[in-house]
$ cat start.cif   # mmCIF, C-alpha atoms
data_input
loop_
_atom_site.label_atom_id
_atom_site.label_comp_id
_atom_site.auth_asym_id
_atom_site.auth_seq_id
_atom_site.Cartn_x
_atom_site.Cartn_y
_atom_site.Cartn_z
CA MET A 1 -25.09 -0.83 -58.57
CA LYS A 2 -22.02 1.36 -59.02
CA LYS A 3 -24.20 4.44 -59.18
CA ILE A 4 -25.92 3.53 -55.89
CA LYS A 5 -22.61 3.05 -54.10
CA LYS A 6 -21.34 6.38 -55.34
CA THR A 7 -24.47 8.13 -54.09
CA LEU A 8 -24.15 6.58 -50.64
CA LYS A 9 -20.54 7.67 -50.38
CA ILE A 10 -21.33 11.24 -51.33
CA ASP A 11 -24.16 11.30 -48.79
CA ARG A 12 -21.87 10.60 -45.83
CA THR A 13 -21.89 13.89 -43.97
CA SER A 14 -20.85 15.03 -40.52
CA TRP A 15 -22.88 17.83 -38.96
CA ILE A 16 -21.11 20.02 -36.42
CA MET A 17 -23.42 22.00 -34.15
CA PRO A 18 -21.78 24.16 -31.46
CA LEU A 19 -23.97 25.39 -28.61
CA TYR A 20 -23.93 27.33 -25.39
CA ASN A 21 -26.96 27.47 -23.06
CA GLU A 22 -29.47 26.58 -25.77
CA GLU A 23 -32.02 24.64 -23.69
CA SER A 24 -34.90 26.77 -24.98
CA ARG A 25 -34.10 26.09 -28.65
CA LEU A 26 -33.12 22.44 -28.54
CA ASP A 27 -36.64 21.08 -29.05
CA LEU A 28 -36.91 22.86 -32.39
CA CYS A 29 -33.51 21.48 -33.35
CA PHE A 30 -34.47 17.93 -32.37
CA ASN A 31 -37.76 18.08 -34.27
CA THR A 32 -36.01 19.41 -37.36
CA ILE A 33 -33.45 16.61 -37.23
CA LYS A 34 -36.11 13.91 -36.84
CA LYS A 35 -38.14 15.32 -39.71
CA PHE A 36 -35.08 15.51 -41.97
CA ILE A 37 -34.01 11.94 -41.23
CA LYS A 38 -37.54 10.61 -41.72
CA ASN A 39 -37.97 12.33 -45.08
CA LYS A 40 -34.53 11.62 -46.55
CA GLY A 41 -34.22 7.93 -45.71
CA LYS A 42 -30.88 6.25 -46.39
CA LEU A 43 -28.49 9.09 -45.75
CA PHE A 44 -25.43 8.38 -43.65
CA VAL A 45 -25.23 11.25 -41.19
CA GLU A 46 -23.05 11.84 -38.15
CA ILE A 47 -24.41 14.58 -35.89
CA ILE A 48 -21.94 16.05 -33.41
CA PHE A 49 -23.28 18.41 -30.78
CA VAL A 50 -20.48 20.38 -29.10
CA ASP A 51 -21.57 21.80 -25.76
CA ASP A 52 -19.30 24.76 -25.11
CA GLY A 53 -19.51 24.79 -21.31
CA SER A 54 -23.28 25.27 -20.93
CA THR A 55 -24.56 25.95 -17.42
CA ASP A 56 -28.21 25.18 -18.17
CA THR A 57 -29.87 21.84 -19.01
CA SER A 58 -28.57 21.68 -22.61
CA LYS A 59 -26.26 18.73 -21.96
CA LYS A 60 -28.98 16.69 -20.24
CA LYS A 61 -31.49 17.38 -23.00
CA ILE A 62 -29.07 16.28 -25.71
CA LEU A 63 -28.15 13.08 -23.86
CA ASP A 64 -31.86 12.31 -23.39
CA PHE A 65 -32.45 12.87 -27.10
CA ILE A 66 -29.58 10.55 -28.00
CA ASN A 67 -30.76 7.79 -25.66
CA LYS A 68 -34.34 7.96 -26.91
CA ASN A 69 -33.45 7.86 -30.59
CA LYS A 70 -30.21 5.90 -30.98
CA LYS A 71 -32.09 2.73 -31.95
CA LYS A 72 -34.46 4.56 -34.29
CA PHE A 73 -31.84 6.23 -36.49
CA PHE A 74 -30.20 3.32 -38.30
CA TYR A 75 -28.14 5.44 -40.70
CA THR A 76 -27.60 8.33 -38.30
CA LYS A 77 -25.12 8.48 -35.44
CA ILE A 78 -25.49 11.19 -32.82
CA LYS A 79 -22.91 12.09 -30.22
CA LEU A 80 -22.12 14.84 -27.75
CA ILE A 81 -18.81 16.50 -26.98
CA SER A 82 -18.89 18.60 -23.83
CA TYR A 83 -16.51 20.34 -21.46
CA LYS A 84 -16.99 22.57 -18.42
CA LYS A 85 -15.42 25.89 -19.43
CA ASN A 86 -17.01 28.15 -22.04
CA MET A 87 -14.29 28.61 -24.67
CA GLY A 88 -16.02 30.20 -27.67
CA LYS A 89 -17.70 29.15 -30.89
CA GLY A 90 -14.45 28.76 -32.81
CA TYR A 91 -13.06 26.37 -30.21
CA ALA A 92 -16.28 24.33 -30.24
CA VAL A 93 -16.37 24.03 -34.04
CA LYS A 94 -12.72 22.99 -34.05
CA LYS A 95 -13.39 20.23 -31.50
CA GLY A 96 -16.30 18.94 -33.58
CA ILE A 97 -14.47 18.92 -36.89
CA ILE A 98 -11.45 17.14 -35.46
CA ALA A 99 -13.78 14.44 -34.06
CA SER A 100 -15.73 14.01 -37.34
CA ARG A 101 -15.43 10.86 -39.48
CA TYR A 102 -17.35 11.39 -42.72
CA GLU A 103 -16.42 12.83 -46.10
CA TRP A 104 -18.20 16.17 -46.07
CA ILE A 105 -18.24 18.19 -42.84
CA ILE A 106 -21.04 20.71 -42.45
CA THR A 107 -21.15 23.37 -39.76
CA PHE A 108 -24.39 25.11 -38.94
CA ASP A 109 -26.17 26.84 -36.11
CA LEU A 110 -28.37 24.92 -33.75
CA ASP A 111 -31.20 27.46 -34.10
CA MET A 112 -31.93 26.04 -37.58
CA SER A 113 -31.79 29.45 -39.25
CA VAL A 114 -30.53 27.35 -42.16
CA LEU A 115 -32.06 23.88 -42.48
CA PRO A 116 -29.79 20.82 -42.83
CA GLY A 117 -31.36 20.02 -46.22
CA GLN A 118 -29.56 23.05 -47.66
CA PHE A 119 -26.49 20.92 -48.38
CA LEU A 120 -28.60 18.49 -50.44
CA ILE A 121 -30.00 21.43 -52.40
CA TRP A 122 -26.46 22.56 -53.18
CA LYS A 123 -25.61 19.05 -54.33
CA LYS A 124 -28.72 18.74 -56.46
CA LYS A 125 -27.78 21.96 -58.24
CA ASN A 126 -24.23 20.63 -58.70
CA PHE A 127 -22.73 23.41 -56.60
CA ILE A 128 -20.77 20.86 -54.57
CA ASN A 129 -18.45 19.60 -57.29
CA ASN A 130 -14.87 19.93 -56.06
CA LYS A 131 -13.22 18.32 -53.03
CA LYS A 132 -10.55 21.02 -53.07
CA HIS A 133 -13.09 23.74 -52.39
CA ALA A 134 -14.71 24.97 -49.20
CA TYR A 135 -18.32 26.10 -49.51
CA PHE A 136 -19.55 29.08 -47.50
CA GLY A 137 -23.23 29.90 -47.34
CA THR A 138 -23.82 33.61 -47.85
CA ARG A 139 -26.82 35.74 -47.06
CA GLU A 140 -25.55 38.37 -49.49
CA ASN A 141 -25.94 36.30 -52.67
CA LYS A 142 -28.61 37.64 -55.01
CA ASP A 143 -30.25 34.19 -55.07
CA SER A 144 -30.36 33.83 -51.29
CA VAL A 145 -33.70 34.09 -49.51
CA VAL A 146 -33.10 35.95 -46.27
CA GLU A 147 -35.34 37.01 -43.42
CA ALA A 148 -33.05 39.09 -41.21
CA LEU A 149 -33.11 42.24 -39.10
CA LEU A 150 -31.85 45.34 -40.92
CA ILE A 151 -29.32 46.04 -38.17
CA ARG A 152 -27.75 42.61 -38.75
CA ARG A 153 -27.37 43.36 -42.45
CA ILE A 154 -25.72 46.71 -41.70
CA ILE A 155 -23.30 45.26 -39.14
CA GLY A 156 -22.51 42.43 -41.55
CA LEU A 157 -21.61 44.94 -44.27
CA ILE A 158 -19.34 46.87 -41.88
CA LEU A 159 -17.55 43.70 -40.80
CA HIS A 160 -17.11 42.68 -44.43
CA ILE A 161 -15.37 45.98 -45.15
CA PHE A 162 -13.05 45.54 -42.14
CA VAL A 163 -12.11 42.00 -43.22
CA LEU A 164 -11.47 43.13 -46.78
CA VAL A 165 -9.29 46.07 -45.72
CA LEU A 166 -7.32 44.21 -43.04
CA PHE A 167 -6.80 40.87 -44.78
CA GLY A 168 -7.72 41.25 -48.42
CA VAL A 169 -10.31 38.50 -47.98
CA ASN A 170 -13.25 39.30 -50.23
CA ILE A 171 -15.93 37.07 -48.74
CA SER A 172 -19.29 38.76 -48.52
CA ASP A 173 -20.54 36.87 -45.45
CA THR A 174 -17.83 35.22 -43.38
CA GLN A 175 -20.08 34.92 -40.32
CA CYS A 176 -22.86 32.77 -41.76
CA GLY A 177 -22.67 29.54 -39.77
CA PHE A 178 -23.56 27.21 -42.64
CA LYS A 179 -20.36 25.98 -44.28
CA ALA A 180 -19.15 22.75 -45.89
CA PHE A 181 -15.60 21.43 -45.83
CA HIS A 182 -14.11 18.26 -47.29
CA SER A 183 -12.39 15.87 -44.92
CA SER A 184 -9.26 15.73 -47.11
CA TYR A 185 -8.14 19.12 -45.74
CA ALA A 186 -10.58 20.14 -42.96
CA LYS A 187 -8.86 18.58 -39.96
CA ARG A 188 -5.44 19.73 -41.12
CA VAL A 189 -6.74 23.31 -41.32
CA PHE A 190 -8.73 23.38 -38.10
CA LYS A 191 -5.94 21.88 -35.99
CA LYS A 192 -4.00 25.08 -36.67
CA ILE A 193 -6.83 27.47 -35.79
CA ARG A 194 -6.12 29.48 -32.62
CA MET A 195 -8.92 32.05 -32.50
CA LYS A 196 -11.59 30.72 -30.15
CA GLY A 197 -14.37 33.25 -30.71
CA TYR A 198 -16.38 34.40 -33.71
CA VAL A 199 -13.28 35.60 -35.57
CA TYR A 200 -12.30 31.98 -36.14
CA ASP A 201 -14.15 32.12 -39.49
CA ILE A 202 -11.67 34.70 -40.75
CA GLU A 203 -8.70 32.64 -39.59
CA VAL A 204 -10.17 29.60 -41.34
CA ALA A 205 -10.51 31.59 -44.57
CA LEU A 206 -6.88 32.70 -44.31
CA ALA A 207 -5.70 29.16 -43.54
CA LEU A 208 -7.63 27.74 -46.50
CA LYS A 209 -6.17 30.34 -48.82
CA LYS A 210 -2.67 29.52 -47.58
CA ILE A 211 -2.93 25.86 -48.67
CA GLY A 212 -4.68 26.61 -51.94
CA ILE A 213 -8.26 25.70 -51.02
CA LYS A 214 -10.72 27.89 -52.89
CA ILE A 215 -13.71 29.29 -51.02
CA THR A 216 -16.92 29.24 -53.03
CA GLU A 217 -19.84 31.27 -51.69
CA LEU A 218 -23.27 29.76 -52.27
CA PRO A 219 -26.86 31.03 -51.91
CA LEU A 220 -29.14 29.70 -49.20
CA VAL A 221 -32.40 30.18 -47.37
CA TRP A 222 -31.79 31.90 -44.02
CA VAL A 223 -34.45 32.83 -41.46
CA HIS A 224 -33.74 34.91 -38.37
CA LYS A 225 -34.60 33.08 -35.15
CA LYS A 226 -35.24 34.70 -31.78
CA GLY A 227 -33.23 33.81 -28.69
CA SER A 228 -29.72 34.36 -30.03
CA LYS A 229 -26.96 34.71 -27.43
CA VAL A 230 -25.16 37.18 -29.71
CA ASN A 231 -25.25 40.79 -28.55
CA LEU A 232 -25.04 42.87 -31.70
CA ILE A 233 -23.22 45.73 -29.99
CA THR A 234 -20.84 44.15 -27.46
CA ASP A 235 -20.05 41.08 -29.57
CA SER A 236 -19.43 43.22 -32.63
CA MET A 237 -16.95 45.32 -30.63
CA LYS A 238 -15.22 42.19 -29.37
CA PHE A 239 -15.15 40.91 -32.94
CA LEU A 240 -13.31 44.05 -34.06
CA PHE A 241 -10.74 43.75 -31.26
CA ASP A 242 -10.20 40.09 -32.15
CA LEU A 243 -9.78 41.07 -35.79
CA ILE A 244 -6.92 43.35 -34.78
CA ALA A 245 -5.38 40.52 -32.74
CA LEU A 246 -5.68 38.23 -35.75
CA LYS A 247 -4.09 40.88 -37.97
CA ILE A 248 -1.11 41.08 -35.63
CA LYS A 249 -0.77 37.30 -35.78
CA TYR A 250 -0.90 37.24 -39.57
#

$ encode --input "start.cif" --output "structure tokens"
Amino acid sequence: MKKIKKTLKIDRTSWIMPLYNEESRLDLCFNTIKKFIKNKGKLFVEIIFVDDGSTDTSKKKILDFINKNKKKFFYTKIKLISYKKNMGKGYAVKKGIIASRYEWIITFDLDMSVLPGQFLIWKKKNFINNKKHAYFGTRENKDSVVEALLIRRIIGLILHIFVLVLFGVNISDTQCGFKAFHSSYAKRVFKKIRMKGYVYDIEVALALKKIGIKITELPLVWVHKKGSKVNLITDSMKFLFDLIALKIKY
């Protein structure tokens, strides 16, 4: 009996999924969630969609999904946080994490480039073994299985070099959206985060380091999905400018 209780406690996870104008990709997300819940059974999951000021039908589609399934998912709670002004991915993730309630908090992209079961794979392999660590999925690990455009890999390498030179943070893939944080420190860290765009990941890494939380990079399966709102050129330039702003702050 004690073993069962321990397993249930470990399985309490909050999923944070930020989004902006994702109406075309929500059906895939919904189907993936339903399949995961059906296959995994008694897992206590809290799913928090954070609508970052969408102007399409994303909000309506999520509310419809919640209303249709809230009685079907006994162990799963789904909720939506939304606001009118588009603030940036970092702001959206922060809002979701602060609102979370469960022990492990997982952030990942709504496009399902990494499937939610990845966290269970990490656990099964005993990678998740310390509540004082943060776990960052990385596409650069030799054991990762990655289907990505070459240009993304090149830009990722360039950004890694910039982050290493500017901040001394040697994380091979700061921008992978799949990360796991423990609730004992997560809210405390994210309440202090000020960068609202994609650079928030770097600020999080710096904030974690400051309070002695070790970042462990883990392998994953990552598949490129079409329809991304990220412009590899303009967003990469903005990322570099924001990096400089972050450097001035730190």

$ closest_residue --input "start.cif" --among "A:Ser113, A:Lys60, A:Glu103, A:Gly212" --to "A:Ser228" --atoms "all atoms listed in the file"
A:Ser113

$ resolve_selection --input "start.cif" --expression "the PyMOL selection byres ((chain A and resi 132) around 9)" --output "list in words"
Asn130, Lys131, His133, Ala134, Phe181, His182, Ser184, Tyr185, Gly212, Ile213 and Lys214 of chain A

$ write_last_selection --input "start.cif" --atoms "C-alpha atoms" --output "short mmCIF file (atom, residue, chain, number, x, y, z; two decimals), keeping the file's coordinate frame"
data_model
loop_
_atom_site.label_atom_id
_atom_site.label_comp_id
_atom_site.auth_asym_id
_atom_site.auth_seq_id
_atom_site.Cartn_x
_atom_site.Cartn_y
_atom_site.Cartn_z
CA ASN A 130 -14.87 19.93 -56.06
CA LYS A 131 -13.22 18.32 -53.03
CA HIS A 133 -13.09 23.74 -52.39
CA ALA A 134 -14.71 24.97 -49.20
CA PHE A 181 -15.60 21.43 -45.83
CA HIS A 182 -14.11 18.26 -47.29
CA SER A 184 -9.26 15.73 -47.11
CA TYR A 185 -8.14 19.12 -45.74
CA GLY A 212 -4.68 26.61 -51.94
CA ILE A 213 -8.26 25.70 -51.02
CA LYS A 214 -10.72 27.89 -52.89
#

$ atom_distance --input "start.cif" --atom1 "atom CA of A:Gly88" --atom2 "atom CA of A:Lys196"
5.1 Å

$ atom_distance --input "start.cif" --atom1 "atom CA of A:Trp15" --atom2 "atom CA of A:Val204"
17.5 Å

$ residues_around --input "start.cif" --residues "A:Tyr91" --least-positions-apart "3" --cutoff "9 Å" --atoms "all atoms listed in the file" --output "list in words"
Asp52, Met87, Gly88, Lys94, Lys95, Gly96, Ile193, Arg194, Met195, Lys196, Gly197 and Tyr200 of chain A

$ resolve_selection --input "start.cif" --expression "the PyMOL selection byres ((chain A and resi 85) around 12)" --output "PDB file with C-alpha atoms, in the frame of the given file"
ATOM      1  CA  TYR A  20     -23.930  27.330 -25.390  1.00  0.00           C
ATOM      2  CA  ASP A  51     -21.570  21.800 -25.760  1.00  0.00           C
ATOM      3  CA  ASP A  52     -19.300  24.760 -25.110  1.00  0.00           C
ATOM      4  CA  GLY A  53     -19.510  24.790 -21.310  1.00  0.00           C
ATOM      5  CA  SER A  54     -23.280  25.270 -20.930  1.00  0.00           C
ATOM      6  CA  THR A  55     -24.560  25.950 -17.420  1.00  0.00           C
ATOM      7  CA  SER A  82     -18.890  18.600 -23.830  1.00  0.00           C
ATOM      8  CA  TYR A  83     -16.510  20.340 -21.460  1.00  0.00           C
ATOM      9  CA  LYS A  84     -16.990  22.570 -18.420  1.00  0.00           C
ATOM     10  CA  ASN A  86     -17.010  28.150 -22.040  1.00  0.00           C
ATOM     11  CA  MET A  87     -14.290  28.610 -24.670  1.00  0.00           C
ATOM     12  CA  GLY A  88     -16.020  30.200 -27.670  1.00  0.00           C
ATOM     13  CA  TYR A  91     -13.060  26.370 -30.210  1.00  0.00           C
ATOM     14  CA  ALA A  92     -16.280  24.330 -30.240  1.00  0.00           C
TER      15      ALA A  92
END

$ residues_around --input "start.cif" --residues "A:Ala207" --least-positions-apart "2" --cutoff "10 Å" --atoms "only C-alpha atoms" --output "compact mmCIF listing (two decimals) with C-alpha atoms, keeping the file's coordinate frame"
# COMPACT_ATOMS: atom_id res chain seq x y z
CA ARG A 188 -5.44 19.73 -41.12
CA VAL A 189 -6.74 23.31 -41.32
CA PHE A 190 -8.73 23.38 -38.10
CA LYS A 192 -4.00 25.08 -36.67
CA ILE A 193 -6.83 27.47 -35.79
CA ASP A 201 -14.15 32.12 -39.49
CA ILE A 202 -11.67 34.70 -40.75
CA GLU A 203 -8.70 32.64 -39.59
CA VAL A 204 -10.17 29.60 -41.34
CA ALA A 205 -10.51 31.59 -44.57
CA LYS A 209 -6.17 30.34 -48.82
CA LYS A 210 -2.67 29.52 -47.58
CA ILE A 211 -2.93 25.86 -48.67
CA GLY A 212 -4.68 26.61 -51.94
CA ILE A 213 -8.26 25.70 -51.02

$ residues_around --input "start.cif" --residues "A:Gly168" --least-positions-apart "3" --cutoff "12 Å" --atoms "all atoms listed in the file" --output "PyMOL selection string"
chain A and resi 160-165+171-172+202+205-206+209+247+250

$ residues_near_point --input "start.cif" --point "(-17.8, 24.5, -48.1)" --cutoff "9 Å" --atoms "all atoms listed in the file" --output "PyMOL selection string"
chain A and resi 104-106+128+133-137+178-182+215-218

$ atom_distance --input "start.cif" --atom1 "atom CA of A:Leu159" --atom2 "atom CA of A:Leu243"
9.6 Å

$ residues_around --input "start.cif" --residues "A:Leu110" --least-positions-apart "2" --cutoff "8 Å" --atoms "all atoms listed in the file" --output "list in words"
Met17, Pro18, Leu19, Arg25, Leu26, Cys29, Phe108, Met112 and Ser113 of chain A

$ resolve_selection --input "start.cif" --expression "the PyMOL selection byres ((chain A and resi 147) around 8)" --output "list in words"
Val145, Val146, Ala148, Leu149, Trp222, Val223 and His224 of chain A

$ write_last_selection --input "start.cif" --atoms "C-alpha atoms" --output "PDB file, in the coordinates of the input"
ATOM      1  CA  VAL A 145     -33.700  34.090 -49.510  1.00  0.00           C
ATOM      2  CA  VAL A 146     -33.100  35.950 -46.270  1.00  0.00           C
ATOM      3  CA  ALA A 148     -33.050  39.090 -41.210  1.00  0.00           C
ATOM      4  CA  LEU A 149     -33.110  42.240 -39.100  1.00  0.00           C
ATOM      5  CA  TRP A 222     -31.790  31.900 -44.020  1.00  0.00           C
ATOM      6  CA  VAL A 223     -34.450  32.830 -41.460  1.00  0.00           C
ATOM      7  CA  HIS A 224     -33.740  34.910 -38.370  1.00  0.00           C
TER       8      HIS A 224
END
